[in-house]
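Pasted below: entry_3.cif, mmCIF, C-alpha atoms and all ligand atoms.
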data_data
#
loop_
_atom_site.label_atom_id
_atom_site.label_comp_id
_atom_site.auth_asym_id
_atom_site.auth_seq_id
_atom_site.Cartn_x
_atom_site.Cartn_y
_atom_site.Cartn_z
CA MET A 1 -19.22 13.00 -5.70
CA HIS A 2 -16.12 10.99 -6.51
CA ILE A 3 -14.79 8.52 -3.93
CA ALA A 4 -11.50 6.58 -4.03
CA VAL A 5 -11.93 3.10 -2.56
CA ILE A 6 -8.96 1.16 -1.18
CA ALA A 7 -10.41 -2.12 0.07
CA GLY A 8 -6.91 -3.28 1.08
CA ASP A 9 -6.28 -6.60 2.77
CA GLY A 10 -8.07 -9.34 4.68
CA ILE A 11 -11.53 -8.45 5.93
CA GLY A 12 -10.96 -4.93 4.60
CA ARG A 13 -12.21 -6.29 1.27
CA ASP A 14 -15.21 -8.03 2.80
CA VAL A 15 -16.46 -5.01 4.73
CA THR A 16 -15.65 -2.47 2.00
CA ALA A 17 -17.88 -4.32 -0.47
CA GLU A 18 -20.78 -3.86 1.97
CA ALA A 19 -20.01 -0.19 2.67
CA VAL A 20 -19.96 0.51 -1.08
CA LYS A 21 -23.23 -1.43 -1.48
CA VAL A 22 -24.90 0.73 1.18
CA LEU A 23 -23.46 3.96 -0.26
CA ALA A 24 -24.80 2.99 -3.70
CA ALA A 25 -28.20 2.29 -2.14
CA VAL A 26 -28.39 5.67 -0.41
CA ALA A 27 -27.18 7.47 -3.55
CA ALA A 28 -29.93 5.77 -5.58
CA ALA A 29 -32.54 6.61 -2.93
CA SER A 30 -31.54 10.27 -2.67
CA GLY A 31 -30.93 10.75 -6.39
CA ARG A 32 -27.45 12.15 -5.67
CA PRO A 33 -24.93 9.96 -7.48
CA ILE A 34 -21.67 8.71 -6.01
CA ALA A 35 -18.89 7.51 -8.36
CA PHE A 36 -16.39 5.00 -6.99
CA GLU A 37 -12.87 4.44 -8.20
CA HIS A 38 -11.41 1.22 -6.85
CA LEU A 39 -7.65 1.38 -6.27
CA PRO A 40 -5.86 -1.99 -5.99
CA TRP A 41 -3.31 -0.87 -3.35
CA SER A 42 -2.87 -3.78 -0.96
CA ALA A 43 -0.44 -6.49 0.14
CA ASP A 44 -1.28 -8.50 -3.01
CA HIS A 45 -0.48 -5.51 -5.21
CA TYR A 46 2.76 -4.84 -3.33
CA LEU A 47 3.89 -8.46 -3.52
CA GLN A 48 3.07 -8.65 -7.24
CA THR A 49 4.52 -5.31 -8.34
CA GLY A 50 6.92 -4.16 -5.61
CA GLU A 51 4.94 -0.92 -5.46
CA THR A 52 3.04 0.15 -2.35
CA LEU A 53 1.39 3.05 -4.10
CA PRO A 54 2.37 4.84 -7.32
CA ALA A 55 4.70 7.85 -7.33
CA ASN A 56 1.74 10.19 -7.85
CA GLY A 57 -0.39 8.23 -5.35
CA TYR A 58 -0.97 10.98 -2.79
CA ASP A 59 -1.73 13.53 -5.53
CA LEU A 60 -4.17 11.08 -7.04
CA LEU A 61 -5.94 10.74 -3.68
CA ARG A 62 -6.15 14.51 -3.36
CA SER A 63 -8.16 14.61 -6.60
CA PHE A 64 -11.10 12.78 -4.97
CA ASP A 65 -13.77 14.19 -2.67
CA ALA A 66 -12.86 11.54 -0.09
CA VAL A 67 -11.03 8.24 0.32
CA PHE A 68 -12.60 5.11 1.79
CA VAL A 69 -10.28 2.41 3.17
CA GLY A 70 -11.12 -1.12 4.39
CA ALA A 71 -8.01 -2.23 6.29
CA LEU A 72 -4.35 -2.89 5.59
CA GLY A 73 -2.10 -5.53 7.08
CA ASP A 74 -1.01 -8.95 5.87
CA PRO A 75 1.27 -11.54 7.48
CA ARG A 76 3.13 -11.90 4.16
CA VAL A 77 4.42 -8.35 4.64
CA PRO A 78 5.88 -8.64 8.13
CA ASP A 79 7.26 -5.10 8.25
CA ASN A 80 3.88 -3.69 7.17
CA ARG A 81 5.63 -1.52 4.59
CA HIS A 82 2.61 -1.19 2.29
CA ALA A 83 0.28 -0.31 5.18
CA ARG A 84 2.71 2.33 6.40
CA ASP A 85 2.93 3.95 2.97
CA ILE A 86 -0.76 3.73 2.14
CA LEU A 87 -2.38 4.52 5.47
CA LEU A 88 0.13 6.34 7.66
CA GLY A 89 1.63 7.95 4.54
CA THR A 90 -1.75 9.33 3.48
CA ARG A 91 -2.42 10.65 6.99
CA PHE A 92 0.88 12.52 6.92
CA GLU A 93 0.97 13.59 3.25
CA LEU A 94 -2.63 14.81 3.19
CA ASP A 95 -2.10 16.28 6.67
CA LEU A 96 -5.19 14.53 8.06
CA TYR A 97 -4.63 15.81 11.56
CA VAL A 98 -8.02 14.97 13.05
CA ASN A 99 -8.71 11.35 13.84
CA TYR A 100 -12.43 11.46 14.54
CA ARG A 101 -13.77 8.45 16.41
CA PRO A 102 -17.33 8.57 17.68
CA VAL A 103 -18.12 5.98 20.36
CA ARG A 104 -21.85 5.40 20.46
CA LEU A 105 -23.59 2.33 21.80
CA LEU A 106 -26.43 1.42 19.42
CA ASP A 107 -28.21 -1.04 21.67
CA ASP A 108 -27.99 -1.77 25.40
CA ARG A 109 -27.51 -5.47 24.66
CA LEU A 110 -24.14 -4.78 23.02
CA CYS A 111 -22.62 -3.11 26.08
CA PRO A 112 -20.09 -5.33 27.86
CA LEU A 113 -20.42 -3.33 31.10
CA LYS A 114 -22.77 -4.36 33.89
CA ASP A 115 -25.81 -2.10 34.31
CA ARG A 116 -24.72 0.34 31.61
CA GLY A 117 -26.52 1.27 28.43
CA ARG A 118 -26.91 3.71 25.59
CA THR A 119 -27.01 6.80 27.78
CA ASP A 120 -23.64 5.85 29.31
CA VAL A 121 -21.73 5.27 26.09
CA ASP A 122 -22.01 8.26 23.79
CA PHE A 123 -18.86 10.32 23.37
CA THR A 124 -16.34 11.28 20.72
CA VAL A 125 -12.58 10.87 20.77
CA PHE A 126 -10.37 13.26 18.82
CA ARG A 127 -6.98 11.69 18.38
CA GLU A 128 -4.08 13.77 17.05
CA ASN A 129 -3.18 12.03 13.82
CA THR A 130 0.03 13.46 12.38
CA GLU A 131 2.52 13.65 15.26
CA GLY A 132 3.36 11.84 18.50
CA VAL A 133 5.33 8.62 18.43
CA TYR A 134 3.98 7.53 15.04
CA VAL A 135 6.16 9.87 12.98
CA GLY A 136 8.95 7.30 12.84
CA VAL A 137 11.70 9.57 14.16
CA GLY A 138 14.42 7.63 15.94
CA GLY A 139 16.84 4.86 15.25
CA ARG A 140 18.59 1.79 16.49
CA PHE A 141 22.19 1.46 17.52
CA LYS A 142 23.95 -1.90 17.78
CA ALA A 143 20.77 -3.53 16.51
CA GLY A 144 20.51 -7.26 17.07
CA THR A 145 23.15 -7.30 19.81
CA PRO A 146 22.74 -7.43 23.59
CA ASP A 147 23.80 -3.76 23.63
CA GLU A 148 21.00 -2.64 21.33
CA VAL A 149 19.67 0.87 21.87
CA ALA A 150 16.27 1.73 20.33
CA ILE A 151 15.06 5.32 20.27
CA GLN A 152 11.55 6.30 19.18
CA GLU A 153 10.93 9.99 19.58
CA GLU A 154 7.59 11.58 20.37
CA ILE A 155 6.98 14.77 18.40
CA ASN A 156 4.63 17.43 19.77
CA THR A 157 4.44 20.79 18.03
CA TYR A 158 2.53 23.85 19.14
CA LYS A 159 0.74 23.92 15.79
CA GLY A 160 -0.18 20.23 15.92
CA VAL A 161 -1.40 20.23 19.51
CA HIS A 162 -3.25 23.50 19.06
CA ARG A 163 -5.21 22.51 15.98
CA ILE A 164 -6.49 19.19 17.35
CA ILE A 165 -7.51 20.75 20.67
CA ARG A 166 -9.19 23.63 18.85
CA HIS A 167 -11.03 21.14 16.65
CA ALA A 168 -12.32 19.24 19.69
CA PHE A 169 -13.70 22.43 21.25
CA GLU A 170 -15.24 23.55 17.95
CA HIS A 171 -16.92 20.15 17.61
CA ALA A 172 -18.34 20.49 21.12
CA LYS A 173 -19.52 24.03 20.47
CA THR A 174 -21.24 23.31 17.17
CA ARG A 175 -23.05 20.29 18.63
CA GLY A 176 -24.13 22.03 21.81
CA LEU A 177 -21.93 19.84 24.01
CA THR A 178 -20.51 21.20 27.24
CA LYS A 179 -17.63 18.93 28.24
CA VAL A 180 -14.15 18.45 26.77
CA CYS A 181 -11.60 16.25 28.56
CA MET A 182 -7.94 16.26 27.57
CA ALA A 183 -5.88 13.18 28.42
CA ASP A 184 -2.09 13.12 28.59
CA LYS A 185 0.69 11.79 30.80
CA SER A 186 2.15 15.12 31.82
CA ASN A 187 3.12 13.82 35.26
CA ALA A 188 5.70 11.51 33.66
CA MET A 189 6.29 13.04 30.22
CA GLN A 190 7.21 16.47 31.38
CA GLN A 191 8.34 18.06 28.13
CA GLY A 192 5.91 17.17 25.39
CA HIS A 193 2.88 16.90 27.60
CA ALA A 194 3.56 20.20 29.34
CA LEU A 195 2.88 21.62 25.89
CA TRP A 196 -0.49 19.83 25.81
CA GLN A 197 -1.28 21.31 29.23
CA ARG A 198 -0.42 24.84 28.18
CA VAL A 199 -2.27 24.72 24.87
CA PHE A 200 -5.33 23.11 26.45
CA ARG A 201 -5.61 25.94 28.99
CA GLU A 202 -5.05 28.52 26.28
CA VAL A 203 -7.72 27.15 23.91
CA ALA A 204 -10.21 26.38 26.70
CA ALA A 205 -10.17 30.05 27.68
CA ASP A 206 -11.88 30.83 24.35
CA TYR A 207 -14.82 28.55 25.22
CA PRO A 208 -16.21 29.74 28.56
CA GLY A 209 -19.42 27.73 28.12
CA ILE A 210 -17.54 24.44 27.91
CA SER A 211 -16.20 22.64 30.95
CA ALA A 212 -12.55 21.78 30.21
CA THR A 213 -11.14 18.99 32.36
CA HIS A 214 -7.93 17.02 32.36
CA GLN A 215 -7.24 13.38 33.23
CA TYR A 216 -4.04 11.38 33.06
CA ILE A 217 -4.44 8.75 30.37
CA ASP A 218 -4.15 5.83 32.80
CA ALA A 219 -6.97 7.23 34.93
CA LEU A 220 -9.04 7.91 31.84
CA ALA A 221 -8.61 4.28 30.69
CA MET A 222 -10.02 3.16 34.04
CA PHE A 223 -12.90 5.65 33.99
CA LEU A 224 -13.88 4.60 30.47
CA ILE A 225 -14.80 1.26 32.05
CA LYS A 226 -16.11 2.48 35.42
CA ASP A 227 -18.00 5.58 34.35
CA PRO A 228 -18.04 6.24 30.59
CA GLY A 229 -21.12 8.45 30.96
CA GLN A 230 -18.97 11.33 32.24
CA TYR A 231 -17.48 11.98 28.77
CA GLU A 232 -18.76 13.99 25.83
CA VAL A 233 -15.56 14.88 23.97
CA ILE A 234 -12.08 13.48 24.64
CA VAL A 235 -8.97 14.89 22.99
CA THR A 236 -5.59 13.18 23.20
CA ASN A 237 -2.42 12.34 21.33
CA ASN A 238 -1.82 9.81 18.59
CA LEU A 239 -0.73 6.82 20.69
CA PHE A 240 -3.17 7.26 23.57
CA GLY A 241 -6.01 7.89 21.13
CA ASP A 242 -5.16 4.72 19.25
CA ILE A 243 -5.35 2.68 22.45
CA ILE A 244 -8.41 4.19 24.11
CA THR A 245 -10.49 3.97 20.95
CA ASP A 246 -10.05 0.20 21.04
CA ILE A 247 -11.60 0.41 24.53
CA GLY A 248 -14.26 2.59 22.91
CA GLY A 249 -14.81 -0.09 20.27
CA ALA A 250 -15.29 -2.69 22.99
CA LEU A 251 -17.83 -0.43 24.74
CA GLN A 252 -19.80 -0.26 21.47
CA GLY A 253 -20.02 -4.02 21.19
CA GLY A 254 -16.68 -4.81 19.58
CA LEU A 255 -14.15 -3.52 17.09
CA GLY A 256 -16.47 -4.47 14.25
CA MET A 257 -18.81 -1.63 15.27
CA ALA A 258 -16.31 1.24 15.43
CA ALA A 259 -16.08 3.94 12.74
CA SER A 260 -13.50 6.62 12.09
CA GLY A 261 -12.54 9.57 9.93
CA ASN A 262 -9.04 10.92 9.25
CA ILE A 263 -9.84 14.51 8.47
CA HIS A 264 -8.30 17.78 7.41
CA PRO A 265 -11.31 20.10 7.49
CA GLY A 266 -12.12 21.34 4.01
CA ARG A 267 -9.70 18.99 2.25
CA THR A 268 -9.82 15.41 0.92
CA SER A 269 -10.18 13.17 3.96
CA LEU A 270 -10.03 9.44 4.59
CA PHE A 271 -12.64 7.24 6.27
CA GLU A 272 -12.14 3.71 7.58
CA PRO A 273 -13.40 1.29 10.19
CA VAL A 274 -11.25 1.24 13.33
CA HIS A 275 -10.52 -2.48 13.06
CA GLY A 276 -7.66 -4.08 11.16
CA SER A 277 -7.56 -6.75 8.46
CA ALA A 278 -8.18 -9.69 10.87
CA PRO A 279 -6.50 -12.22 8.52
CA PRO A 280 -8.06 -15.33 10.12
CA LEU A 281 -11.56 -14.05 9.27
CA ALA A 282 -10.79 -12.88 5.73
CA GLY A 283 -13.00 -14.06 2.89
CA LYS A 284 -15.17 -16.20 5.16
CA ASP A 285 -18.25 -13.96 5.11
CA VAL A 286 -18.09 -13.54 8.90
CA ALA A 287 -16.64 -10.05 9.45
CA ASN A 288 -18.97 -7.45 10.87
CA PRO A 289 -19.40 -4.74 8.19
CA MET A 290 -21.13 -2.22 10.49
CA GLY A 291 -17.96 -0.27 11.45
CA ALA A 292 -17.21 0.16 7.74
CA ILE A 293 -20.81 1.12 6.93
CA LEU A 294 -20.87 3.65 9.78
CA SER A 295 -17.55 5.04 8.51
CA ALA A 296 -19.23 5.55 5.14
CA ALA A 297 -21.99 7.46 6.95
CA LEU A 298 -19.36 9.59 8.69
CA MET A 299 -17.86 10.32 5.27
CA LEU A 300 -21.21 11.49 3.86
CA ASP A 301 -21.87 13.62 6.93
CA THR A 302 -18.43 15.26 6.65
CA LEU A 303 -19.08 15.95 2.96
CA GLY A 304 -22.30 17.77 3.80
CA ARG A 305 -24.71 14.93 3.02
CA GLY A 306 -26.07 14.63 6.55
CA GLU A 307 -29.52 13.32 5.59
CA GLU A 308 -28.07 10.34 3.79
CA ALA A 309 -25.63 9.73 6.65
CA ALA A 310 -28.52 9.74 9.10
CA ALA A 311 -30.47 7.29 6.91
CA ILE A 312 -27.53 4.87 7.00
CA GLU A 313 -27.14 5.23 10.77
CA ARG A 314 -30.86 4.56 11.28
CA ALA A 315 -30.63 1.45 9.12
CA VAL A 316 -27.63 0.12 11.09
CA GLU A 317 -29.45 0.79 14.35
CA ALA A 318 -32.51 -1.02 13.01
CA ALA A 319 -30.38 -4.00 12.00
CA VAL A 320 -28.90 -4.21 15.50
CA ALA A 321 -32.34 -3.88 17.13
CA ALA A 322 -33.74 -6.62 14.86
CA GLY A 323 -30.78 -8.95 15.51
CA GLN A 324 -29.84 -8.84 11.80
CA THR A 325 -26.13 -8.97 12.59
CA THR A 326 -22.99 -11.04 12.33
CA THR A 327 -22.08 -13.51 15.07
CA ASP A 328 -19.56 -11.26 16.87
CA ILE A 329 -22.50 -9.22 18.19
CA GLY A 330 -24.90 -12.09 18.67
CA GLY A 331 -26.58 -12.56 15.29
CA SER A 332 -26.33 -15.37 12.77
CA LEU A 333 -25.95 -13.57 9.44
CA GLY A 334 -22.92 -13.38 7.18
CA THR A 335 -21.17 -10.17 6.16
CA ARG A 336 -23.00 -9.94 2.83
CA ALA A 337 -26.44 -10.62 4.29
CA VAL A 338 -25.96 -7.82 6.84
CA GLY A 339 -24.92 -5.46 4.03
CA ASP A 340 -27.97 -6.52 1.97
CA TRP A 341 -30.31 -5.97 4.92
CA ILE A 342 -28.95 -2.50 5.66
CA ALA A 343 -28.92 -1.48 1.98
CA GLU A 344 -32.54 -2.59 1.62
CA ARG A 345 -33.52 -0.73 4.78
CA VAL A 346 -31.81 2.41 3.48
CA ARG A 347 -33.75 2.11 0.21
CA ARG A 348 -37.06 1.74 2.02
CA GLY A 349 -36.37 4.18 4.83
CA TYR A 350 -34.91 7.12 2.98
N1 LIG B 1 -6.48 0.73 10.05
C1 LIG B 1 -5.96 -0.43 9.70
O1 LIG B 1 -5.91 -0.76 8.53
C2 LIG B 1 -5.50 -1.37 10.78
C3 LIG B 1 -5.86 -1.17 12.11
C4 LIG B 1 -5.45 -2.12 13.06
C5 LIG B 1 -4.67 -3.21 12.65
N2 LIG B 1 -4.31 -3.32 11.35
C6 LIG B 1 -3.56 -4.50 10.85
O2 LIG B 1 -4.49 -5.59 10.78
C7 LIG B 1 -3.78 -6.82 11.00
C8 LIG B 1 -4.47 -7.62 12.11
O3 LIG B 1 -4.35 -6.87 13.33
P1 LIG B 1 -5.07 -7.26 14.69
O4 LIG B 1 -5.42 -8.72 14.68
O5 LIG B 1 -4.25 -6.73 15.79
O6 LIG B 1 -6.40 -6.36 14.72
P2 LIG B 1 -7.81 -6.61 14.04
O7 LIG B 1 -8.63 -5.40 14.28
O8 LIG B 1 -7.64 -7.02 12.64
O9 LIG B 1 -8.44 -7.82 14.86
C9 LIG B 1 -8.51 -7.80 16.30
C10 LIG B 1 -9.62 -8.71 16.79
O10 LIG B 1 -10.90 -8.14 16.49
C11 LIG B 1 -11.69 -9.01 15.72
N3 LIG B 1 -12.31 -8.18 14.67
C12 LIG B 1 -11.77 -7.08 14.10
N4 LIG B 1 -12.61 -6.57 13.19
C13 LIG B 1 -13.70 -7.36 13.17
C14 LIG B 1 -14.90 -7.34 12.42
N5 LIG B 1 -15.16 -6.41 11.48
N6 LIG B 1 -15.81 -8.32 12.65
C15 LIG B 1 -15.59 -9.25 13.58
N7 LIG B 1 -14.46 -9.32 14.32
C16 LIG B 1 -13.53 -8.38 14.12
C17 LIG B 1 -10.70 -10.02 15.12
O11 LIG B 1 -11.24 -11.29 14.99
C18 LIG B 1 -9.61 -10.06 16.14
O12 LIG B 1 -9.93 -11.01 17.13
C19 LIG B 1 -2.34 -6.43 11.32
O13 LIG B 1 -1.59 -6.53 10.15
C20 LIG B 1 -2.44 -4.97 11.76
O14 LIG B 1 -1.27 -4.24 11.52
C21 LIG B 1 -4.72 -2.44 10.40
#
Represent the structure of the file as structure tokens.
Amino acid sequence: MHIAVIAGDGIGRDVTAEAVKVLAAVAAASGRPIAFEHLPWSADHYLQTGETLPANGYDLLRSFDAVFVGALGDPRVPDNRHARDILLGTRFELDLYVNYRPVRLLDDRLCPLKDRGRTDVDFTVFRENTEGVYVGVGGRFKAGTPDEVAIQEEINTYKGVHRIIRHAFEHAKTRGLTKVCMADKSNAMQQGHALWQRVFREVAADYPGISATHQYIDALAMFLIKDPGQYEVIVTNNLFGDIITDIGGALQGGLGMAASGNIHPGRTSLFEPVHGSAPPLAGKDVANPMGAILSAALMLDTLGRGEEAAAIERAVEAAVAAGQTTTDIGGSLGTRAVGDWIAERVRRGY
């Protein structure tokens, strides 16, 4: 197995080092090697060379079994050009239409909600990843003047909406889940989101054993706090999915715990923690590496190495239960010590 690693910027580097450490540990324990190729693409690289990624960059990524990313974003690149090319560009160019974000509370103590625990926070969000308002279609007229007009279009295609909704139902079916909730804003966004409504009804009809419900995104944001236990699978568009998975991260104990995959089933896919580069924490050995390590587990699971993925998840859960964590979730260890603890646990527990 051949993995491209883009540690990126800020704490992306800190947490990626730990994810790679844990992957190496599980590969050694299982006897199934993983080769890593570290790509330097980052703000530093961009500022030094003027290149965000090389001309053949996306083709290069396609030659790997998967891509692992830390985080991208640096205050020295205010327009985020390199992050757009490397991260959003890869999502679009490799057509990674499924943004897979499991939200699972690993320990009751991490839940910020009163009287809620592990049984209440265990659902998966499928965020459409190649359309919506993130495609960059639009423009500005009379920019910088009091008459400025800024247009940012939202793109919804039948193909794009259909394939993410289908994927959400397939996920539910293969895991024996019985509830899929689609969230949109079709009361106010009557063109694009009418398409979501139509396609959702159409796809749901193929899954009679699955309860298909709809909530407006504002109501869903409220219910994620009031009653998260009602959800098993949520499917929504790019922007709404981006926002509600930060709520999901908070429900898991913080952004440092949240994992994600950017997937095109059967093709090279990209895995990354949900959090950003958190520049103030960078290089200080304080960032929580668990979201990155759980993203590495998601990567192995997606590549058909479920046993190793489960071993990593067990080790992370054990670390949380034993209080072997960074300070953001109540422990006193540094980033590297948490990575060491989990890697050792993986070695012993495989
Ligand atoms: N996928 C990505 O690469 C990605 C995602 C989001 C933001 N960004 C970029 O990251 C930069 C910073 O953005 P931001 O501050 O809005 O979001 P952020 O996720 O970097 O940080 C938000 C907050 O969460 C905390 N936090 C995040 N990850 C943590 C971790 N692993 N351990 C402990 N605490 C953690 C930070 O201290 C901060 O208070 C920006 O340039 C932004 O564009 C990148």
Margin query: Which residues are near ligand LIG 1 (chain B) - at most 10 Å, using all atoms listed in the file? Format: as a PyMOL selection string.
Written below: chain A and resi 7-12+14-15+69-80+83-84+86-88+242+246+249-250+254-258+260+271-282+285-292+326-329+335
Margin query: Calculated over only C-alpha atoms, which of the candidates A:Arg81, A:Ile217, A:Val180, A:Pro102 has the smallest distance to Leu47 in chain A?
Written below: A:Arg81
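Minimum atom-to-atom distance to Gln230 in chain A, evaluated using all atoms listed in the file, belongs to A:Lys179 out of A:Lys114, A:Arg348, A:Arg267, A:Lys179.
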Check: Which one is closest to Met1 in chain A: A:Gly266, A:Gly139, A:Gly261, A:Gly304? Count only C-alpha atoms.
Finding: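 Once distances to Met1 in chain A are computed over only C-alpha atoms, the minimum belongs to A:Gly304.
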Notebook entry, point to check: If you count only C-alpha atoms, which residues fall within 8 Å of range 150-167 of chain A, apart from same-chain ones fewer than 2 positions away, as JSON, numbers by chain?
Noted result: {"A": [97, 98, 126, 127, 128, 130, 131, 132, 133, 134, 135, 136, 137, 138, 139, 140, 141, 143, 148, 169, 170, 171, 192, 195, 196, 199, 200, 203, 235]}
Notebook entry, point to check: What is the CA of Glu317 in chain A to CA of Phe64 in chain A distance in Å?
Noted result: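 It comes out at 29.2 Å.
Shell of Thr213 in chain A at 12 Å, with all atoms listed in the file counted and residues fewer than 2 places along the chain excluded, is Phe169, Thr178, Lys179, Val180, Cys181, Met182, Ala183, Asp184, Gln197, Phe200, Arg201, Ala204, Ile210, Ser211, Gln215, Tyr216, Leu220, Gln230, Tyr231, Glu232, Val233, Ile234 and Val235 of chain A.
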